[in-house]
file coords-v3.cif (mmCIF, C-alpha atoms)
data_data
#
loop_
_atom_site.group_PDB
_atom_site.id
_atom_site.type_symbol
_atom_site.label_atom_id
_atom_site.label_comp_id
_atom_site.auth_asym_id
_atom_site.auth_seq_id
_atom_site.Cartn_x
_atom_site.Cartn_y
_atom_site.Cartn_z
ATOM 1 C CA MET F 304 0.000 0.000 0.000
ATOM 2 C CA GLY F 305 2.899 2.340 0.621
ATOM 3 C CA TRP F 306 3.837 2.600 -3.036
ATOM 4 C CA TRP F 307 0.505 3.653 -4.504
ATOM 5 C CA PRO F 308 -2.125 3.976 -1.769
ATOM 6 C CA SER F 309 -4.565 5.856 -3.981
ATOM 7 C CA ARG F 310 -4.958 2.672 -6.047
ATOM 8 C CA SER F 311 -4.920 0.160 -3.186
ATOM 9 C CA VAL F 312 -8.043 -1.786 -2.311
ATOM 10 C CA THR F 313 -7.790 -2.741 1.347
ATOM 11 C CA PHE F 314 -9.678 -5.501 3.116
ATOM 12 C CA ILE F 315 -9.593 -7.571 6.279
ATOM 13 C CA GLU F 316 -11.134 -10.737 4.912
ATOM 14 C CA ASN F 317 -13.071 -11.948 1.910
ATOM 15 C CA HIS F 318 -14.802 -15.116 0.763
ATOM 16 C CA ASP F 319 -11.476 -16.636 -0.330
ATOM 17 C CA THR F 320 -9.514 -15.979 2.857
ATOM 18 C CA GLY F 321 -12.014 -16.431 5.649
ATOM 19 C CA SER F 322 -15.737 -17.097 5.905
ATOM 20 C CA THR F 323 -16.721 -20.699 5.292
ATOM 21 C CA GLN F 324 -13.473 -21.521 3.491
ATOM 22 C CA GLY F 325 -11.234 -20.358 6.329
ATOM 23 C CA HIS F 326 -7.978 -20.607 4.342
ATOM 24 C CA TRP F 327 -6.238 -17.570 5.825
ATOM 25 C CA PRO F 328 -8.685 -15.942 8.237
ATOM 26 C CA PHE F 329 -7.857 -12.625 9.833
ATOM 27 C CA PRO F 330 -7.451 -13.175 13.607
ATOM 28 C CA SER F 331 -11.024 -12.841 14.878
ATOM 29 C CA ASP F 332 -9.966 -11.051 18.076
ATOM 30 C CA HIS F 333 -8.301 -8.294 16.019
ATOM 31 C CA VAL F 334 -10.957 -7.671 13.349
ATOM 32 C CA MET F 335 -12.021 -4.295 14.702
ATOM 33 C CA GLU F 336 -8.398 -3.144 14.909
ATOM 34 C CA GLY F 337 -8.123 -4.051 11.242
ATOM 35 C CA TYR F 338 -11.209 -2.038 10.336
ATOM 36 C CA ALA F 339 -10.009 0.891 12.444
ATOM 37 C CA TYR F 340 -6.866 0.871 10.311
ATOM 38 C CA ILE F 341 -8.310 0.440 6.801
ATOM 39 C CA LEU F 342 -11.263 2.785 7.386
ATOM 40 C CA THR F 343 -9.019 5.608 8.623
ATOM 41 C CA HIS F 344 -6.174 5.260 6.127
ATOM 42 C CA PRO F 345 -5.683 5.936 2.421
ATOM 43 C CA GLY F 346 -6.778 3.315 -0.029
ATOM 44 C CA ILE F 347 -10.180 2.031 -1.033
ATOM 45 C CA PRO F 348 -11.443 0.009 1.941
ATOM 46 C CA THR F 349 -13.875 -2.857 1.574
ATOM 47 C CA VAL F 350 -15.990 -4.318 4.340
ATOM 48 C CA PHE F 351 -16.553 -8.071 4.363
ATOM 49 C CA TYR F 352 -20.255 -8.995 4.150
ATOM 50 C CA ASP F 353 -19.932 -11.620 6.884
ATOM 51 C CA HIS F 354 -18.414 -9.142 9.345
ATOM 52 C CA PHE F 355 -21.022 -6.474 8.630
ATOM 53 C CA PHE F 356 -24.139 -8.625 8.506
ATOM 54 C CA ASP F 357 -23.413 -11.964 10.199
ATOM 55 C CA TRP F 358 -21.219 -11.162 13.224
ATOM 56 C CA GLY F 359 -23.922 -9.402 15.233
ATOM 57 C CA ASP F 360 -25.115 -5.900 15.945
ATOM 58 C CA SER F 361 -22.021 -4.855 17.887
ATOM 59 C CA PHE F 362 -19.643 -5.497 14.972
ATOM 60 C CA HIS F 363 -22.104 -3.979 12.498
ATOM 61 C CA ASP F 364 -22.482 -0.820 14.571
ATOM 62 C CA GLU F 365 -18.747 -0.377 15.207
ATOM 63 C CA ILE F 366 -17.907 -0.822 11.516
ATOM 64 C CA ALA F 367 -20.759 1.510 10.483
ATOM 65 C CA LYS F 368 -19.470 4.156 12.914
ATOM 66 C CA LEU F 369 -15.954 3.957 11.431
ATOM 67 C CA MET F 370 -17.423 4.241 7.910
ATOM 68 C CA GLU F 371 -19.414 7.307 8.994
ATOM 69 C CA ILE F 372 -16.285 8.920 10.479
ATOM 70 C CA ARG F 373 -14.312 8.250 7.277
ATOM 71 C CA LYS F 374 -17.017 9.914 5.207
ATOM 72 C CA SER F 375 -17.635 12.882 7.522
ATOM 73 C CA GLN F 376 -13.895 13.628 7.811
ATOM 74 C CA ASP F 377 -13.402 13.219 4.047
ATOM 75 C CA ILE F 378 -10.703 10.571 4.394
ATOM 76 C CA HIS F 379 -9.999 9.202 0.929
ATOM 77 C CA SER F 380 -7.555 7.235 -1.161
ATOM 78 C CA ARG F 381 -5.137 10.169 -1.388
ATOM 79 C CA SER F 382 -5.206 11.183 2.287
ATOM 80 C CA ALA F 383 -1.864 11.923 3.926
ATOM 81 C CA VAL F 384 -0.681 9.834 6.871
ATOM 82 C CA LYS F 385 1.720 10.912 9.588
ATOM 83 C CA ILE F 386 2.729 7.923 11.704
ATOM 84 C CA LEU F 387 3.235 9.007 15.293
ATOM 85 C CA GLU F 388 4.184 5.708 16.864
ATOM 86 C CA ALA F 389 4.742 2.160 15.629
ATOM 87 C CA SER F 390 5.793 -0.600 17.990
ATOM 88 C CA SER F 391 4.880 -4.212 18.664
ATOM 89 C CA ASN F 392 1.838 -3.262 20.761
ATOM 90 C CA LEU F 393 0.887 0.206 19.480
ATOM 91 C CA TYR F 394 0.361 2.067 16.228
ATOM 92 C CA SER F 395 -0.886 5.656 16.088
ATOM 93 C CA ALA F 396 -1.250 8.097 13.229
ATOM 94 C CA ILE F 397 -2.798 11.368 12.122
ATOM 95 C CA ILE F 398 -4.595 11.314 8.795
ATOM 96 C CA ASP F 399 -5.002 14.575 6.848
ATOM 97 C CA ASP F 400 -4.688 16.457 10.156
ATOM 98 C CA LYS F 401 -8.427 15.725 10.560
ATOM 99 C CA LEU F 402 -8.423 12.330 12.183
ATOM 100 C CA CYS F 403 -6.199 10.641 14.721
ATOM 101 C CA MET F 404 -6.225 6.933 15.539
ATOM 102 C CA LYS F 405 -4.519 4.230 17.528
ATOM 103 C CA ILE F 406 -4.622 0.454 17.489
ATOM 104 C CA GLY F 407 -3.013 -2.021 19.849
ATOM 105 C CA GLU F 408 -2.831 -2.628 23.565
ATOM 106 C CA GLY F 409 -0.382 0.170 24.314
ATOM 107 C CA PRO F 410 -1.753 3.294 25.993
ATOM 108 C CA TRP F 411 -1.930 6.372 23.796
ATOM 109 C CA CYS F 412 -4.150 9.355 23.131
ATOM 110 C CA PRO F 413 -3.554 12.708 21.454
ATOM 111 C CA SER F 414 -2.289 15.393 23.812
ATOM 112 C CA ASP F 415 -4.028 18.339 22.111
ATOM 113 C CA PRO F 416 -7.485 18.982 23.632
ATOM 114 C CA GLU F 417 -8.931 19.869 20.212
ATOM 115 C CA TRP F 418 -9.077 16.113 19.416
ATOM 116 C CA LYS F 419 -12.446 14.626 20.396
ATOM 117 C CA LEU F 420 -13.010 10.899 20.804
ATOM 118 C CA ALA F 421 -15.227 9.739 17.926
ATOM 119 C CA ALA F 422 -15.141 5.933 18.285
ATOM 120 C CA CYS F 423 -13.446 3.341 20.421
ATOM 121 C CA GLY F 424 -13.508 -0.352 21.110
ATOM 122 C CA ASP F 425 -11.293 -3.239 22.084
ATOM 123 C CA ARG F 426 -7.709 -2.094 21.312
ATOM 124 C CA TYR F 427 -8.646 0.810 19.027
ATOM 125 C CA ALA F 428 -9.716 4.451 19.242
ATOM 126 C CA VAL F 429 -10.373 7.224 16.713
ATOM 127 C CA TRP F 430 -10.480 10.965 17.354
ATOM 128 C CA HIS F 431 -11.361 13.926 15.148
ATOM 129 C CA LYS F 432 -11.234 17.695 15.487
#
call {"tool": "encode", "arguments": {"input": "coords-v3.cif", "output": "C-alpha coordinates"}}
result
Amino acid sequence: MGWWPSRSVTFIENHDTGSTQGHWPFPSDHVMEGYAYILTHPGIPTVFYDHFFDWGDSFHDEIAKLMEIRKSQDIHSRSAVKILEASSNLYSAIIDDKLCMKIGEGPWCPSDPEWKLAACGDRYAVWHK
(Lines of atoms letter the chains of each structure in order from A and count residues from 1; the text may use other names and numbers.)
(Lines give C-alpha, C1' and ligand atoms only; values in the text may rest on other atoms or scores of the structure.)
Protein backbone atom coordinates (compact mmCIF):
# COMPACT_ATOMS: atom_id res chain seq x y z
CA MET A 1 0.00 0.00 0.00
CA GLY A 2 2.90 2.34 0.62
CA TRP A 3 3.84 2.60 -3.04
CA TRP A 4 0.51 3.65 -4.50
CA PRO A 5 -2.12 3.98 -1.77
CA SER A 6 -4.57 5.86 -3.98
CA ARG A 7 -4.96 2.67 -6.05
CA SER A 8 -4.92 0.16 -3.19
CA VAL A 9 -8.04 -1.79 -2.31
CA THR A 10 -7.79 -2.74 1.35
CA PHE A 11 -9.68 -5.50 3.12
CA ILE A 12 -9.59 -7.57 6.28
CA GLU A 13 -11.13 -10.74 4.91
CA ASN A 14 -13.07 -11.95 1.91
CA HIS A 15 -14.80 -15.12 0.76
CA ASP A 16 -11.48 -16.64 -0.33
CA THR A 17 -9.51 -15.98 2.86
CA GLY A 18 -12.01 -16.43 5.65
CA SER A 19 -15.74 -17.10 5.90
CA THR A 20 -16.72 -20.70 5.29
CA GLN A 21 -13.47 -21.52 3.49
CA GLY A 22 -11.23 -20.36 6.33
CA HIS A 23 -7.98 -20.61 4.34
CA TRP A 24 -6.24 -17.57 5.82
CA PRO A 25 -8.68 -15.94 8.24
CA PHE A 26 -7.86 -12.63 9.83
CA PRO A 27 -7.45 -13.18 13.61
CA SER A 28 -11.02 -12.84 14.88
CA ASP A 29 -9.97 -11.05 18.08
CA HIS A 30 -8.30 -8.29 16.02
CA VAL A 31 -10.96 -7.67 13.35
CA MET A 32 -12.02 -4.29 14.70
CA GLU A 33 -8.40 -3.14 14.91
CA GLY A 34 -8.12 -4.05 11.24
CA TYR A 35 -11.21 -2.04 10.34
CA ALA A 36 -10.01 0.89 12.44
CA TYR A 37 -6.87 0.87 10.31
CA ILE A 38 -8.31 0.44 6.80
CA LEU A 39 -11.26 2.79 7.39
CA THR A 40 -9.02 5.61 8.62
CA HIS A 41 -6.17 5.26 6.13
CA PRO A 42 -5.68 5.94 2.42
CA GLY A 43 -6.78 3.32 -0.03
CA ILE A 44 -10.18 2.03 -1.03
CA PRO A 45 -11.44 0.01 1.94
CA THR A 46 -13.87 -2.86 1.57
CA VAL A 47 -15.99 -4.32 4.34
CA PHE A 48 -16.55 -8.07 4.36
CA TYR A 49 -20.25 -8.99 4.15
CA ASP A 50 -19.93 -11.62 6.88
CA HIS A 51 -18.41 -9.14 9.34
CA PHE A 52 -21.02 -6.47 8.63
CA PHE A 53 -24.14 -8.62 8.51
CA ASP A 54 -23.41 -11.96 10.20
CA TRP A 55 -21.22 -11.16 13.22
CA GLY A 56 -23.92 -9.40 15.23
CA ASP A 57 -25.11 -5.90 15.94
CA SER A 58 -22.02 -4.85 17.89
CA PHE A 59 -19.64 -5.50 14.97
CA HIS A 60 -22.10 -3.98 12.50
CA ASP A 61 -22.48 -0.82 14.57
CA GLU A 62 -18.75 -0.38 15.21
CA ILE A 63 -17.91 -0.82 11.52
CA ALA A 64 -20.76 1.51 10.48
CA LYS A 65 -19.47 4.16 12.91
CA LEU A 66 -15.95 3.96 11.43
CA MET A 67 -17.42 4.24 7.91
CA GLU A 68 -19.41 7.31 8.99
CA ILE A 69 -16.29 8.92 10.48
CA ARG A 70 -14.31 8.25 7.28
CA LYS A 71 -17.02 9.91 5.21
CA SER A 72 -17.63 12.88 7.52
CA GLN A 73 -13.90 13.63 7.81
CA ASP A 74 -13.40 13.22 4.05
CA ILE A 75 -10.70 10.57 4.39
CA HIS A 76 -10.00 9.20 0.93
CA SER A 77 -7.56 7.24 -1.16
CA ARG A 78 -5.14 10.17 -1.39
CA SER A 79 -5.21 11.18 2.29
CA ALA A 80 -1.86 11.92 3.93
CA VAL A 81 -0.68 9.83 6.87
CA LYS A 82 1.72 10.91 9.59
CA ILE A 83 2.73 7.92 11.70
CA LEU A 84 3.24 9.01 15.29
CA GLU A 85 4.18 5.71 16.86
CA ALA A 86 4.74 2.16 15.63
CA SER A 87 5.79 -0.60 17.99
CA SER A 88 4.88 -4.21 18.66
CA ASN A 89 1.84 -3.26 20.76
CA LEU A 90 0.89 0.21 19.48
CA TYR A 91 0.36 2.07 16.23
CA SER A 92 -0.89 5.66 16.09
CA ALA A 93 -1.25 8.10 13.23
CA ILE A 94 -2.80 11.37 12.12
CA ILE A 95 -4.60 11.31 8.80
CA ASP A 96 -5.00 14.57 6.85
CA ASP A 97 -4.69 16.46 10.16
CA LYS A 98 -8.43 15.72 10.56
CA LEU A 99 -8.42 12.33 12.18
CA CYS A 100 -6.20 10.64 14.72
CA MET A 101 -6.23 6.93 15.54
CA LYS A 102 -4.52 4.23 17.53
CA ILE A 103 -4.62 0.45 17.49
CA GLY A 104 -3.01 -2.02 19.85
CA GLU A 105 -2.83 -2.63 23.56
CA GLY A 106 -0.38 0.17 24.31
CA PRO A 107 -1.75 3.29 25.99
CA TRP A 108 -1.93 6.37 23.80
CA CYS A 109 -4.15 9.35 23.13
CA PRO A 110 -3.55 12.71 21.45
CA SER A 111 -2.29 15.39 23.81
CA ASP A 112 -4.03 18.34 22.11
CA PRO A 113 -7.49 18.98 23.63
CA GLU A 114 -8.93 19.87 20.21
CA TRP A 115 -9.08 16.11 19.42
CA LYS A 116 -12.45 14.63 20.40
CA LEU A 117 -13.01 10.90 20.80
CA ALA A 118 -15.23 9.74 17.93
CA ALA A 119 -15.14 5.93 18.28
CA CYS A 120 -13.45 3.34 20.42
CA GLY A 121 -13.51 -0.35 21.11
CA ASP A 122 -11.29 -3.24 22.08
CA ARG A 123 -7.71 -2.09 21.31
CA TYR A 124 -8.65 0.81 19.03
CA ALA A 125 -9.72 4.45 19.24
CA VAL A 126 -10.37 7.22 16.71
CA TRP A 127 -10.48 10.97 17.35
CA HIS A 128 -11.36 13.93 15.15
CA LYS A 129 -11.23 17.70 15.49
call {"tool": "resolve_selection", "arguments": {"input": "coords-v3.cif", "expression": "the PyMOL selection byres ((chain F and resi 382) around 9)", "output": "NGL selection string"}}
result
:F and (308-309 or 344-346 or 377-381 or 383-384 or 398-399)
call {"tool": "atom_distance", "arguments": {"input": "coords-v3.cif", "atom1": "CA of Glu365 (chain F)", "atom2": "CA of Asp332 (chain F)"}}
result
14.1 Å
call {"tool": "residues_around", "arguments": {"input": "coords-v3.cif", "residues": "Ala428 (chain F)", "least_positions_apart": "5", "cutoff": "9 Å", "atoms": "all atoms listed in the file", "output": "ChimeraX atom specification"}}
result
/F:336,339,403-406,412,420-423
call {"tool": "closest_residue", "arguments": {"input": "coords-v3.cif", "among": "F:Ile341, F:His363, F:Gln376, F:Leu369", "to": "Val429 (chain F)", "atoms": "only C-alpha atoms"}}
result
F:Leu369
call {"tool": "closest_residue", "arguments": {"input": "coords-v3.cif", "among": "F:Ile366, F:Met335, F:Ile372, F:Val312", "to": "Thr349 (chain F)", "atoms": "all atoms listed in the file"}}
result
F:Val312
call {"tool": "atom_distance", "arguments": {"input": "coords-v3.cif", "atom1": "CA of Asn317 (chain F)", "atom2": "CA of Asp353 (chain F)"}}
result
8.5 Å
call {"tool": "resolve_selection", "arguments": {"input": "coords-v3.cif", "expression": "the PyMOL selection byres ((chain F and resi 415) around 12)", "output": "ChimeraX atom specification"}}
result
/F:403,412-414,416-420,430-432
call {"tool": "atom_distance", "arguments": {"input": "coords-v3.cif", "atom1": "CA of Ile315 (chain F)", "atom2": "CA of Val334 (chain F)"}}
result
7.2 Å
call {"tool": "closest_residue", "arguments": {"input": "coords-v3.cif", "among": "F:Gly407, F:Phe314, F:Gly359, F:Asn392", "to": "Leu342 (chain F)", "atoms": "all atoms listed in the file"}}
result
F:Phe314
call {"tool": "closest_residue", "arguments": {"input": "coords-v3.cif", "among": "F:Phe362, F:Glu316, F:Leu402, F:Lys368", "to": "Thr343 (chain F)", "atoms": "all atoms listed in the file"}}
result
F:Leu402
call {"tool": "closest_residue", "arguments": {"input": "coords-v3.cif", "among": "F:Ser361, F:Ile386, F:Phe351, F:Lys401", "to": "Arg373 (chain F)", "atoms": "only C-alpha atoms"}}
result
F:Lys401
call {"tool": "closest_residue", "arguments": {"input": "coords-v3.cif", "among": "F:Pro348, F:Trp306, F:Phe329, F:Leu387", "to": "Lys374 (chain F)", "atoms": "only C-alpha atoms"}}
result
F:Pro348
call {"tool": "axis_aligned_box", "arguments": {"input": "coords-v3.cif", "around": "region 401-419 of chain F", "padding_each_side": "3 Å", "output": "lines of an AutoDock Vina configuration file"}}
result
center_x = -6.4
center_y = 8.6
center_z = 18.3
size_x = 18.1
size_y = 28.5
size_z = 21.4
